[in-house]
file final-v9.txt (compact mmCIF, C-alpha atoms and all ligand atoms)
# COMPACT_ATOMS: atom_id res chain seq x y z
CA MET A 990 2.93 190.22 139.84
CA ILE A 991 0.79 189.95 142.98
CA ASP A 992 2.63 188.52 145.99
CA TYR A 993 0.03 186.34 147.70
CA ASN A 994 2.43 185.38 150.47
CA ARG A 995 2.52 189.05 151.46
CA LEU A 996 -1.25 189.50 150.99
CA SER A 997 -2.24 186.50 153.11
CA GLN A 998 -2.65 188.52 156.34
CA GLU A 999 -5.00 191.05 154.71
CA TYR A 1000 -6.93 188.19 153.12
CA ALA A 1001 -7.36 186.42 156.43
CA ARG A 1002 -8.64 189.65 157.98
CA HIS A 1003 -10.90 191.00 155.24
CA ARG A 1004 -11.92 188.40 152.74
CA ARG A 1005 -15.38 187.00 153.32
CA VAL A 1006 -17.50 184.30 151.75
CA HIS A 1007 -20.01 185.67 149.26
CA PRO A 1008 -23.32 184.05 150.38
CA GLY A 1009 -24.72 183.65 146.86
CA VAL A 1010 -21.53 182.01 145.62
CA LEU A 1011 -21.51 179.60 148.55
CA ARG A 1012 -25.16 178.65 147.97
CA ASN A 1013 -24.46 178.22 144.26
CA LEU A 1014 -21.49 175.92 144.97
CA LEU A 1015 -23.45 173.82 147.45
CA GLU A 1016 -26.62 173.48 145.37
CA ARG A 1017 -25.35 173.21 141.81
CA GLY A 1018 -22.33 171.23 142.98
CA GLU A 1019 -24.76 168.87 144.78
CA VAL A 1020 -22.28 168.64 147.64
CA GLY A 1021 -23.12 166.15 150.37
CA GLU A 1022 -21.39 164.18 153.10
CA THR A 1023 -19.99 161.62 150.68
CA SER A 1024 -18.70 164.13 148.12
CA ASP A 1025 -15.01 164.60 147.36
CA VAL A 1026 -14.33 168.29 146.74
CA LEU A 1027 -11.19 170.06 145.49
CA GLU A 1028 -10.68 173.82 145.69
CA VAL A 1029 -8.00 175.09 143.34
CA GLY A 1030 -6.27 178.27 144.59
CA CYS A 1031 -7.98 177.95 147.96
CA GLY A 1032 -6.12 180.90 149.52
CA THR A 1033 -7.08 181.07 153.19
CA ALA A 1034 -9.85 178.51 152.51
CA ASN A 1035 -12.89 180.60 153.42
CA TYR A 1036 -15.03 178.79 150.86
CA LEU A 1037 -13.70 175.32 151.51
CA ALA A 1038 -14.20 175.70 155.27
CA ALA A 1039 -17.78 176.92 154.74
CA ILE A 1040 -18.53 173.99 152.40
CA VAL A 1041 -17.10 171.44 154.85
CA SER A 1042 -19.01 173.01 157.75
CA ALA A 1043 -22.28 172.92 155.79
CA THR A 1044 -21.98 169.38 154.42
CA GLY A 1045 -19.25 167.34 156.15
CA CYS A 1046 -17.79 166.48 152.72
CA ARG A 1047 -14.19 165.31 152.21
CA ALA A 1048 -12.14 168.29 151.13
CA TRP A 1049 -8.79 169.16 149.54
CA GLY A 1050 -7.38 172.61 148.90
CA ILE A 1051 -4.32 173.53 146.83
CA ASP A 1052 -2.52 176.84 146.44
CA PRO A 1053 0.99 177.89 145.39
CA SER A 1054 1.37 180.25 148.38
CA GLU A 1055 2.77 178.69 151.57
CA GLU A 1056 1.50 181.66 153.60
CA MET A 1057 -2.05 181.26 152.31
CA LEU A 1058 -1.92 177.54 153.09
CA ALA A 1059 -0.67 178.28 156.62
CA ARG A 1060 -3.76 180.48 157.19
CA ALA A 1061 -5.99 177.84 155.60
CA GLY A 1062 -4.61 175.23 158.00
CA GLU A 1063 -5.70 177.38 160.96
CA LYS A 1064 -9.35 176.86 160.00
CA ALA A 1065 -10.96 174.39 162.39
CA VAL A 1066 -12.34 172.04 159.75
CA PRO A 1067 -11.08 168.71 158.48
CA ALA A 1068 -9.50 169.31 155.07
CA THR A 1069 -6.20 168.46 153.41
CA PHE A 1070 -4.13 171.39 152.18
CA ARG A 1071 -1.12 171.12 149.95
CA ARG A 1072 0.99 173.27 147.71
CA GLY A 1073 -0.01 173.03 144.06
CA TRP A 1074 -0.89 174.76 140.82
CA ALA A 1075 -4.02 174.62 138.67
CA GLU A 1076 -2.04 173.70 135.56
CA GLY A 1077 -0.94 170.32 136.97
CA LEU A 1078 -3.27 168.81 139.57
CA ASP A 1079 -1.34 166.30 141.63
CA PHE A 1080 -4.26 163.91 142.08
CA PRO A 1081 -5.29 160.65 140.42
CA ASP A 1082 -7.88 160.43 137.63
CA ALA A 1083 -11.58 160.45 138.61
CA ALA A 1084 -10.94 161.43 142.24
CA PHE A 1085 -13.48 164.25 142.76
CA ASP A 1086 -17.16 165.11 142.44
CA LEU A 1087 -16.57 168.86 142.41
CA VAL A 1088 -13.52 170.90 141.38
CA TYR A 1089 -13.89 174.64 141.79
CA SER A 1090 -11.98 177.90 142.01
CA VAL A 1091 -12.95 181.35 143.27
CA ASP A 1092 -11.13 184.39 141.92
CA VAL A 1093 -8.18 182.36 140.65
CA ILE A 1094 -8.51 181.74 136.89
CA HIS A 1095 -6.96 185.13 135.99
CA HIS A 1096 -3.75 184.05 137.77
CA VAL A 1097 -3.52 180.74 135.95
CA GLN A 1098 -1.03 180.82 133.07
CA GLY A 1099 -2.19 177.64 131.34
CA ARG A 1100 -5.94 178.04 131.47
CA ALA A 1101 -6.83 175.45 128.82
CA GLN A 1102 -4.46 173.06 130.58
CA TYR A 1103 -6.24 173.67 133.90
CA PHE A 1104 -9.62 172.70 132.45
CA ALA A 1105 -8.09 169.55 130.93
CA GLU A 1106 -6.70 168.70 134.38
CA ALA A 1107 -10.04 169.42 136.08
CA PHE A 1108 -11.74 167.11 133.57
CA ARG A 1109 -9.21 164.36 134.28
CA VAL A 1110 -9.55 164.44 138.08
CA LEU A 1111 -13.37 164.58 138.01
CA ARG A 1112 -15.55 161.48 138.09
CA PRO A 1113 -18.06 161.02 135.28
CA GLY A 1114 -20.99 163.32 136.13
CA GLY A 1115 -18.70 165.47 138.32
CA ARG A 1116 -18.79 169.26 138.03
CA VAL A 1117 -16.33 172.04 137.49
CA CYS A 1118 -17.12 175.54 138.74
CA THR A 1119 -15.18 178.73 138.05
CA VAL A 1120 -16.10 181.84 140.00
CA THR A 1121 -14.58 184.92 138.42
CA ASP A 1122 -15.16 188.45 137.13
CA SER A 1123 -16.60 189.00 133.67
CA GLU A 1124 -16.26 192.27 131.78
CA GLU A 1125 -19.77 193.24 132.89
CA VAL A 1126 -18.92 192.53 136.54
CA ILE A 1127 -15.66 194.51 136.40
CA ARG A 1128 -17.37 197.55 134.91
CA ALA A 1129 -20.32 197.56 137.32
CA ARG A 1130 -19.03 196.58 140.74
CA VAL A 1131 -19.04 199.08 143.58
CA PRO A 1132 -16.98 200.41 145.32
CA LEU A 1133 -14.04 199.47 143.05
CA SER A 1134 -15.31 200.90 139.74
CA ARG A 1135 -16.66 204.05 141.41
CA TYR A 1136 -13.84 205.01 143.77
CA PHE A 1137 -10.95 203.33 141.97
CA PRO A 1138 -11.95 203.61 138.28
CA GLU A 1139 -8.34 202.98 137.22
CA THR A 1140 -8.82 199.37 138.35
CA VAL A 1141 -11.32 198.74 135.53
CA GLU A 1142 -8.86 198.75 132.61
CA ALA A 1143 -6.21 196.96 134.67
CA GLU A 1144 -8.72 194.24 135.56
CA LEU A 1145 -10.04 193.88 132.01
CA ARG A 1146 -6.48 193.21 130.87
CA ARG A 1147 -5.90 190.35 133.28
CA TYR A 1148 -9.27 188.55 133.40
CA PRO A 1149 -10.27 186.08 130.69
CA LYS A 1150 -13.41 186.80 128.65
CA SER A 1151 -16.57 184.77 129.33
CA ALA A 1152 -16.48 183.26 125.81
CA GLU A 1153 -12.93 182.03 126.42
CA VAL A 1154 -13.85 180.27 129.67
CA LEU A 1155 -16.80 178.55 127.98
CA LYS A 1156 -14.60 177.51 125.07
CA TRP A 1157 -11.89 176.02 127.30
CA MET A 1158 -14.53 174.00 129.11
CA ARG A 1159 -16.21 172.73 125.93
CA ASP A 1160 -12.90 171.97 124.21
CA VAL A 1161 -11.91 169.42 126.85
CA GLY A 1162 -15.33 167.78 126.90
CA PHE A 1163 -17.40 169.47 129.62
CA ARG A 1164 -21.13 169.32 128.88
CA ASP A 1165 -23.81 171.90 129.72
CA ALA A 1166 -21.21 174.68 129.98
CA GLY A 1167 -22.90 177.89 131.05
CA GLU A 1168 -22.50 181.16 132.96
CA GLY A 1169 -24.61 182.71 135.74
CA LEU A 1170 -24.38 185.86 137.89
CA GLU A 1171 -24.38 186.14 141.69
CA GLU A 1172 -25.02 189.53 143.29
CA PHE A 1173 -24.73 190.58 146.90
CA PRO A 1174 -25.77 194.13 147.86
CA TYR A 1175 -24.39 195.41 151.15
CA GLY A 1176 -23.66 198.62 153.04
CA LEU A 1177 -19.92 199.31 153.34
CA GLU A 1178 -19.15 200.84 156.73
CA SER A 1179 -15.38 201.00 156.78
CA SER A 1180 -12.58 201.85 154.36
CA GLN A 1181 -10.11 199.65 156.21
CA ALA A 1182 -9.83 196.88 153.61
CA TYR A 1183 -9.27 199.49 150.87
CA ARG A 1184 -6.79 201.40 152.99
CA GLU A 1185 -4.91 198.12 153.60
CA LYS A 1186 -5.11 197.16 149.90
CA ALA A 1187 -6.72 193.85 150.71
CA PHE A 1188 -7.86 193.50 147.08
CA SER A 1189 -5.25 192.65 144.49
CA SER A 1190 -6.63 195.16 141.95
CA LEU A 1191 -5.56 197.98 144.29
CA HIS A 1192 -1.98 196.85 143.75
CA LEU A 1193 -2.35 197.40 139.99
CA ILE A 1194 -3.01 201.14 140.11
CA SER A 1195 -0.76 204.09 141.01
CA GLU A 1196 -0.32 205.19 144.63
CA GLU A 1197 -1.92 208.47 143.67
CA ALA A 1198 -5.04 206.81 142.22
CA TRP A 1199 -5.32 204.54 145.24
CA ARG A 1200 -4.93 207.44 147.68
CA ARG A 1201 -7.55 209.53 145.79
CA GLY A 1202 -10.03 206.63 145.94
CA VAL A 1203 -9.51 206.06 149.65
CA ASP A 1204 -9.98 209.78 150.38
CA LEU A 1205 -13.23 209.91 148.37
CA LEU A 1206 -14.52 206.74 149.97
CA GLU A 1207 -13.76 208.02 153.46
CA ARG A 1208 -15.45 211.33 152.67
CA ASP A 1209 -18.64 209.48 151.61
CA LEU A 1210 -18.48 207.11 154.60
CA ARG A 1211 -18.73 210.11 156.92
CA SER A 1212 -22.40 210.42 155.80
CA GLY A 1213 -23.15 206.74 156.53
CA PRO A 1214 -22.69 203.31 154.92
CA VAL A 1215 -21.95 203.34 151.18
CA ALA A 1216 -24.32 201.20 149.09
CA CYS A 1217 -22.20 198.54 147.39
CA VAL A 1218 -22.77 195.45 145.35
CA SER A 1219 -20.48 192.51 145.09
CA ARG A 1220 -20.87 190.51 141.86
CA TYR A 1221 -19.41 187.31 140.51
CA SER A 1222 -19.74 185.37 137.28
CA VAL A 1223 -20.14 181.68 137.96
CA PHE A 1224 -19.31 179.16 135.22
CA TRP A 1225 -20.43 175.55 135.45
CA GLY A 1226 -19.73 172.45 133.41
CA ARG A 1227 -20.35 168.70 133.83
CA LYS A 1228 -18.11 165.80 132.92
C1 LIG A 1301 -7.69 186.20 144.81
S1 LIG A 1301 -6.97 184.86 145.68
C2 LIG A 1301 -8.41 183.85 145.98
C3 LIG A 1301 -8.28 182.91 147.15
C4 LIG A 1301 -9.53 182.12 147.51
N1 LIG A 1301 -9.98 181.31 146.41
C5 LIG A 1301 -10.64 183.06 147.95
O1 LIG A 1301 -11.60 183.25 147.21
O2 LIG A 1301 -10.53 183.63 149.04
C6 LIG A 1301 -6.12 184.01 144.41
C7 LIG A 1301 -5.37 182.77 144.86
O3 LIG A 1301 -4.90 182.07 143.69
C8 LIG A 1301 -3.66 181.50 143.99
N2 LIG A 1301 -2.98 181.18 142.71
C9 LIG A 1301 -2.19 181.97 141.96
N3 LIG A 1301 -1.75 181.31 140.88
C10 LIG A 1301 -2.29 180.06 140.93
C11 LIG A 1301 -2.19 178.89 140.10
N4 LIG A 1301 -1.49 178.89 138.98
N5 LIG A 1301 -2.87 177.78 140.48
C12 LIG A 1301 -3.62 177.78 141.63
N6 LIG A 1301 -3.73 178.87 142.44
C13 LIG A 1301 -3.09 179.99 142.10
C14 LIG A 1301 -2.99 182.57 144.85
O4 LIG A 1301 -1.89 182.06 145.60
C15 LIG A 1301 -4.14 183.05 145.72
O5 LIG A 1301 -4.24 182.34 146.93

call {"tool": "encode", "arguments": {"input": "final-v9.txt", "output": "structure tokens"}}
result
Amino acid sequence: MIDYNRLSQEYARHRRVHPGVLRNLLERGEVGETSDVLEVGCGTANYLAAIVSATGCRAWGIDPSEEMLARAGEKAVPATFRRGWAEGLDFPDAAFDLVYSVDVIHHVQGRAQYFAEAFRVLRPGGRVCTVTDSEEVIRARVPLSRYFPETVEAELRRYPKSAEVLKWMRDVGFRDAGEGLEEFPYGLESSQAYREKAFSSLHLISEEAWRRGVDLLERDLRSGPVACVSRYSVFWGRK
């Protein structure tokens, strides 16, 4: 079980907005000044803060972790943060134009229930977006799959399959359910986030495997930035 209260400091320090994911949320979510937007599992609210800054929309973020919410509240943007879980959204029917989550669905116990809740709190025509890791993404991403190959099987066990996500969406009535891919190549210059285990998958492998990966990564970094690519699967549906 990942303790997100304990991880919140590393998240605040290392976790960054993926530019392609942000663009995707803004454009396909058709977010504007008059939109009502809910982020489920907002963590430190990197995405929600970026969306509010870009559009001036009205924004709500929920997360079970008090520590994550405390960090989210430090962001200098107007948004309402409260403790909550995906499986039971404490909001009235038809309250939002966009409900989204980034890197959260694998933590949600009642996934079908979450999509039913997202459907309920969306207005007709509103959109649900789920940003997550598909099997293809987990196998191909660098540096995790290259330096910490033990994370691959551990991740495959905890992430839902693409077909399951699409089925949960369709089963509760979302139309036009589909999946896309966002990629972001970059040069990694520091091992710090990996050394500090800022990614939850590094908590799923042995100390020995983690240490071996960090050593290899640091050896390669001595010759210059390591070519990496961050990937996300992005699922969309419309009420
Ligand atoms: C990997 S973090 C992602 C945080 C943020 N979305 C981001 O991209 O930076 C996962 C988050 O999901 C939250 N979480 C775990 N279980 C949840 C649930 N059942 N409902 C909503 N959020 C949950 C955790 O507290 C944590 O903040």

call {"tool": "atom_distance", "arguments": {"input": "final-v9.txt", "atom1": "atom CA of A:Ala1048", "atom2": "atom CA of A:Val1088"}}
result
10.2 Å

call {"tool": "axis_aligned_box", "arguments": {"input": "final-v9.txt", "around": "ligand LIG 1301 (chain A)", "padding_each_side": "5 Å", "output": "AutoDock Vina command-line options"}}
result
--center_x -6.5 --center_y 182.0 --center_z 144.0 --size_x 20.1 --size_y 18.4 --size_z 20.1

call {"tool": "atom_distance", "arguments": {"input": "final-v9.txt", "atom1": "atom CA of A:Glu1016", "atom2": "atom CA of A:Phe1224"}}
result
13.7 Å

call {"tool": "residues_near_ligand", "arguments": {"input": "final-v9.txt", "ligand": "ligand LIG 1301 (chain A)", "cutoff": "7 Å", "atoms": "all atoms listed in the file", "output": "MDAnalysis selection string"}}
result
chainID A and resid 993 1004 1029:1036 1051:1054 1057 1073:1076 1090:1093 1096:1098 1189

call {"tool": "residues_around", "arguments": {"input": "final-v9.txt", "residues": "A:Gly1009", "least_positions_apart": "5", "cutoff": "9 Å", "atoms": "all atoms listed in the file", "output": "PyMOL selection string"}}
result
chain A and resi 1014+1171-1173

call {"tool": "closest_residue", "arguments": {"input": "final-v9.txt", "among": "A:Leu1205, A:Ala1198, A:Ala1101, A:Ala1182", "to": "A:Lys1156", "atoms": "all atoms listed in the file"}}
result
A:Ala1101

call {"tool": "closest_residue", "arguments": {"input": "final-v9.txt", "among": "A:Gly1021, A:Gly1050, A:Gly1045, A:Gly1226", "to": "A:Glu1168", "atoms": "only C-alpha atoms"}}
result
A:Gly1226

call {"tool": "closest_residue", "arguments": {"input": "final-v9.txt", "among": "A:His1095, A:Arg1220, A:Arg1184, A:Arg1017", "to": "A:Ser1134", "atoms": "only C-alpha atoms"}}
result
A:Arg1220

call {"tool": "residues_around", "arguments": {"input": "final-v9.txt", "residues": "A:Tyr1136", "least_positions_apart": "6", "cutoff": "12 Å", "atoms": "all atoms listed in the file", "output": "list in words"}}
result
Ala1129, Arg1130, Ser1180, Tyr1183, Leu1191, Ala1198, Trp1199, Arg1200, Arg1201, Gly1202, Val1203, Asp1204, Leu1205, Leu1206, Glu1207, Arg1208, Asp1209, Leu1210, Val1215 and Cys1217 of chain A

call {"tool": "decode", "arguments": {"input": "final-v9.txt", "residues": "stretch 999-1108 of chain A", "atoms": "C-alpha atoms", "output": "compact mmCIF listing (two decimals), in the first residue's frame"}}
result
# COMPACT_ATOMS: atom_id res chain seq x y z
CA GLU A 999 8.64 14.21 -2.92
CA TYR A 1000 5.62 14.82 -5.15
CA ALA A 1001 5.66 18.54 -4.47
CA ARG A 1002 9.37 18.63 -5.30
CA HIS A 1003 9.57 16.37 -8.34
CA ARG A 1004 6.25 15.84 -10.01
CA ARG A 1005 5.71 18.00 -13.07
CA VAL A 1006 2.88 18.61 -15.49
CA HIS A 1007 3.22 16.62 -18.69
CA PRO A 1008 2.73 19.28 -21.42
CA GLY A 1009 0.92 16.95 -23.84
CA VAL A 1010 -1.49 15.80 -21.15
CA LEU A 1011 -2.24 19.38 -20.14
CA ARG A 1012 -2.89 20.40 -23.75
CA ASN A 1013 -5.08 17.35 -24.23
CA LEU A 1014 -7.14 18.18 -21.12
CA LEU A 1015 -7.58 21.81 -22.14
CA GLU A 1016 -8.46 21.16 -25.78
CA ARG A 1017 -10.51 17.98 -25.68
CA GLY A 1018 -12.06 19.02 -22.38
CA GLU A 1019 -13.00 22.35 -24.05
CA VAL A 1020 -12.17 24.11 -20.79
CA GLY A 1021 -12.98 27.81 -20.66
CA GLU A 1022 -13.65 30.52 -18.10
CA THR A 1023 -17.19 29.34 -17.44
CA SER A 1024 -16.34 25.64 -17.10
CA ASP A 1025 -16.74 23.72 -13.85
CA VAL A 1026 -13.88 21.24 -13.51
CA LEU A 1027 -13.30 18.45 -10.99
CA GLU A 1028 -9.97 16.66 -10.56
CA VAL A 1029 -10.28 13.32 -8.78
CA GLY A 1030 -7.13 12.33 -6.86
CA CYS A 1031 -5.63 15.77 -7.42
CA GLY A 1032 -2.54 15.11 -5.26
CA THR A 1033 -0.56 18.35 -5.03
CA ALA A 1034 -2.78 19.81 -7.79
CA ASN A 1035 -0.15 20.44 -10.46
CA TYR A 1036 -2.67 19.81 -13.23
CA LEU A 1037 -5.58 21.63 -11.66
CA ALA A 1038 -3.42 24.70 -10.97
CA ALA A 1039 -2.17 24.71 -14.57
CA ILE A 1040 -5.73 24.40 -15.92
CA VAL A 1041 -7.00 27.24 -13.72
CA SER A 1042 -4.04 29.44 -14.68
CA ALA A 1043 -4.63 28.80 -18.38
CA THR A 1044 -8.40 29.29 -18.41
CA GLY A 1045 -9.72 30.91 -15.22
CA CYS A 1046 -12.25 28.06 -14.87
CA ARG A 1047 -13.96 27.15 -11.58
CA ALA A 1048 -12.11 24.24 -10.06
CA TRP A 1049 -12.49 21.54 -7.41
CA GLY A 1050 -9.94 18.95 -6.39
CA ILE A 1051 -10.48 15.91 -4.16
CA ASP A 1052 -7.98 13.47 -2.68
CA PRO A 1053 -7.97 11.08 0.30
CA SER A 1054 -4.57 12.32 1.51
CA GLU A 1055 -4.62 15.30 3.89
CA GLU A 1056 -0.92 15.92 3.22
CA MET A 1057 -1.43 16.07 -0.54
CA LEU A 1058 -4.34 18.47 -0.05
CA ALA A 1059 -2.20 20.67 2.21
CA ARG A 1060 0.38 20.98 -0.61
CA ALA A 1061 -2.40 21.58 -3.14
CA GLY A 1062 -3.74 24.42 -1.00
CA GLU A 1063 -0.35 26.15 -1.18
CA LYS A 1064 -0.81 26.66 -4.93
CA ALA A 1065 -1.65 30.29 -5.62
CA VAL A 1066 -4.77 29.63 -7.69
CA PRO A 1067 -8.44 29.82 -6.78
CA ALA A 1068 -9.70 26.25 -6.36
CA THR A 1069 -11.62 24.33 -3.72
CA PHE A 1070 -9.88 21.31 -2.23
CA ARG A 1071 -11.53 18.72 -0.06
CA ARG A 1072 -10.95 15.22 1.17
CA GLY A 1073 -12.74 12.60 -0.91
CA TRP A 1074 -12.62 9.34 -2.82
CA ALA A 1075 -13.35 8.53 -6.45
CA GLU A 1076 -15.85 5.83 -5.52
CA GLY A 1077 -18.29 8.31 -3.92
CA LEU A 1078 -18.12 11.86 -5.27
CA ASP A 1079 -19.60 14.21 -2.72
CA PHE A 1080 -21.13 16.58 -5.27
CA PRO A 1081 -24.63 17.06 -6.66
CA ASP A 1082 -25.80 15.61 -9.98
CA ALA A 1083 -24.87 17.47 -13.19
CA ALA A 1084 -22.40 19.83 -11.47
CA PHE A 1085 -19.38 19.64 -13.82
CA ASP A 1086 -18.32 20.02 -17.45
CA LEU A 1087 -15.12 18.03 -17.01
CA VAL A 1088 -14.18 15.31 -14.51
CA TYR A 1089 -10.67 13.96 -14.85
CA SER A 1090 -7.95 12.03 -13.07
CA VAL A 1091 -4.21 11.69 -13.71
CA ASP A 1092 -2.41 8.58 -12.51
CA VAL A 1093 -5.14 7.65 -10.03
CA ILE A 1094 -7.39 4.94 -11.50
CA HIS A 1095 -5.03 2.11 -10.43
CA HIS A 1096 -5.54 3.18 -6.79
CA VAL A 1097 -9.32 3.20 -7.03
CA GLN A 1098 -10.90 0.05 -5.57
CA GLY A 1099 -14.35 0.48 -7.10
CA ARG A 1100 -13.47 1.49 -10.64
CA ALA A 1101 -16.87 0.79 -12.22
CA GLN A 1102 -18.43 2.71 -9.35
CA TYR A 1103 -16.14 5.68 -10.02
CA PHE A 1104 -17.25 5.92 -13.65
CA ALA A 1105 -20.90 5.74 -12.57
CA GLU A 1106 -20.21 8.60 -10.15
CA ALA A 1107 -18.38 10.63 -12.81
CA PHE A 1108 -21.36 10.15 -15.13
